[in-house]
Amino acid sequence: MRMEGESNGNGNGNVNGNVNGNGVVSASSNGRNHLVFAYYVTGHGFGHATRVVEVVRHLIMAGHDVHVVTAAPPFVFTSEIQSPRLFLRKVLLDCGAVQADALTVDRLASLEKYSQTAVAPRDSILATEVDWLNSIKADLVLGLHLCRVCHGCWTSSSINCLAKDYSHCEFLIRLPGYCPMPAFRDVIDVPLVVRRLHKSRKEVRKELGIEEDVKLAILNFGGQPAGWKLKEEFLPSGWLCLVAAHILQETAFGKNYASNKLSGARRLRDAIILGYQLQRVAGRDICIPDWYSNAESELGLGSRSPTFQVTEKSSLMNSFTEDFEILHGDTQGLPDTLTFLKSLTELDAGYDVGKNAEKRRIRERKAAAGLFNWEEEIFVTRAPGRLDVMGGIADYSGSLVLQMPIREACHVAIQRVHPSKHRLWKHAQARQQAEGNSFTPVLQIVSYGSELSNRGPTFDMDLSDFMDGEKPISYEKANKFFAKDPSQKWAAYVAGAILVLMTELGVRFEDSISILVASSVPEGKGVSSSASVEVATMSAIAASHGLTINPRDLALLCQKVENHIVGAPCGVMDQMTSACGEANKLLAMVCQPAEVIGLAEIPGHVRFWGIDSGIKHSVGGADYGSVRIGAFMGRKIIKSIASSLLSRSLPDANGFNLDELGDDGIKLLKAEASLDYLCNLSPHRYEALYVKMLPEFMLGETFEEKYANHNDPVTVIDPKRNYGVIAPARHPIYENFRVKAFKALLTSATSDEQLTALGELLYQCHYSYSACGLGTDGTDRLVQLVQEMQHSKVSKSDEGTLFGAKITGGGSGGTVCVIGRNCLQSSQQILEVQQRYKAATGYLPFIFEGSSPGAGKFGYLKLRRRSSAKQN
């Protein structure tokens, strides 16, 4: 809501007024204890008048007279105030807005109405009001006026006139939710003003049937129908509501109440964040209004996150629906989905190599323009990247992990058509003609953004290449097939989904397939760009072929793509989060192999960010693989130690006596002798029995001579390499404990101690990564910068906002996860970390903030080109 005041005239040179919300503009005291207030109140919407009632009531209680000038019905005031000191004067001075409903404004009609009621008769209005103000001997003129009538369509003369009037005001009392108003010289910021309660809390709860221990917030806006369910985690930790009447009284007595101690800019930022948090809805981000982006620019708060205007969103949707109709699914209001759909509408228009087109992108855009047959249906899916909050590399050891799907996502558009209707690229046509294979099913893929990673923008193959006689080719053979050409290796993430479905589910593909991939998940930053591509692709193929695969199983199939066809030994948490995650929640999963145990709510006062170190990360890298091998070596050695203890074959150097263990002790040893997952070993058992018996390092061939193999199906031991064992084995054992503690703390009472403990767990995780050899100078520097912010004098004196940070995912670069208080000061400190990192390294980090739904929640869209669009 944007609120502004309106100039109300002059009287004897000592009244010239305008107030925003419940505020004062111009005042002159006559030295009396009894004051006369003239309060101009908009009649546009009773909500404004009812809030003014509280201010008026307090002024009257203080012994003053209040003349209310309004077009609002008298009962709005008289039902709350029965006093001879209240004077009502019904005059229409505020035109308000012409609206179809509480949210829809007819701008042109409003402008015309404004001109008729305020601009044309301006002189006569001012003369009348000056005479009246003199007649009541007003000490102070106040005004409350809803002025967002026709923003964007005012004439320059109207704007200049209002700005000139506002500049005469002494000061402005401002409520939360405003936009920048530079015409006012001095500003006082106050909390929200609301009507007083007539019933006790207990009475209201009894009438509504709500128990005393249930926290409740009731919102009402403009008589809109019910439907919002405001969840507990979206509320601030406390509310503050004060009335501005004292300020008005003191001003009328002549006291200069304006103060420079309170920054209007700071209050604005806090109000914006509070308002935004109250409107958060799981699964989608509320559109940030245009006044917010203006305020960001004015206050220097702009970051890398784009604001997405309501008008722009509507424009994108309208542009898309003119050409396509959605036969199935819902865009869920996601801005990136609407942008992707709009890009589809532009494909058939031909490729314009204009001023805004980069030459490097010409090839992929041209290929995309000829990718689809517009007579056939198109399916669209979406899968986000993920921020590893806790768990990381412990997933392959069976740990509990907590992962948050991020705002950035991959979109895939897919079409299956009969080979005779497939729009083949020229070289694919030439290949088929040369081989004499007419109407053979072909796979064609276009990947946007190829210029960012030096890969080929297109890939195609005959689907028969995935067959070896009557059976699908092996994963090993497919891995070699995609590895032949480095510029085409990326296609394994997409095309690999087809082979996995053929191998694991027996699916046969007889139609041609066209796939367009567009991902906004940055590559090499440790936020699962590869998993988002795999999940979006697998979801699209399943949808287009009528396959029903639940999100969990789909994630497991995608892991096979990455492990066996791409050849990266990752765990399953990335794919599970991309497939099963929900916006603004942490996916809690026990990786044994992939049991989703629920969604952990992110408390309203907690927020997570990701900061990119600029150091490229890859789960296919040697460090990640060697640490994984070291962990599996450690598990095998621990199992061997437990077996030896059971058989009493080890010397009793540590005072260990099997006879003293009892039945429970024997059961523990038996479980450890058959340990399936390293994370099932508790830290105290690890410290009590095994840590002293594990080697710090072990040569690959030495391990194989003694233990045969490490029983990891996706990694191979290099006999000549020396592997760390203690640190890689210790990390998942303790990380599993840290994640469990972190999850429990999320539901504990809100306090600084809670945030400090959560942050400390992140720090411990980070240094455990470093002990494994997965840290880097860049990620260490970012964590150090967060610590400097946390322990600075400013943070300590102002209730610190950042509390912890850790490297994420596979380590060796990538992104750092930061936890902090959900407030604007935290965002400012994140931006300061960003700038300090740039000053030290020359690299400006990408900041990840926000969340979005996983592929399972998004589902799929089925689209059809409209006949009119085809003709055009």
# chains A, B, ... in the order shown; residues from 1 in each chain; ligands from 1
call {"tool": "residues_around", "arguments": {"residues": "Gly614 of chain A", "least_positions_apart": "3", "cutoff": "10 Å", "atoms": "only C-alpha atoms", "output": "PyMOL selection string"}}
result
chain A and resi 524-525+611+617+778-779+813-815+841+843-846
call {"tool": "select_by_dssp", "arguments": {"residues": "segment 744-863 of chain A", "states": "strand (DSSP E or B)", "output": "MDAnalysis selection string"}}
result
chainID A and resid 802:807 815:821 847:848 851 861:863
call {"tool": "select_by_dssp", "arguments": {"residues": "segment 702-855 of chain A", "states": "alpha helix (DSSP H)", "output": "MDAnalysis selection string"}}
result
chainID A and resid 702:707 726:746 752:772 777:790 793:797 824:841 855
call {"tool": "closest_residue", "arguments": {"among": "A:Thr337, A:Gln784, A:Leu694, A:Leu646", "to": "Ala671 of chain A", "atoms": "only C-alpha atoms"}}
result
A:Leu646
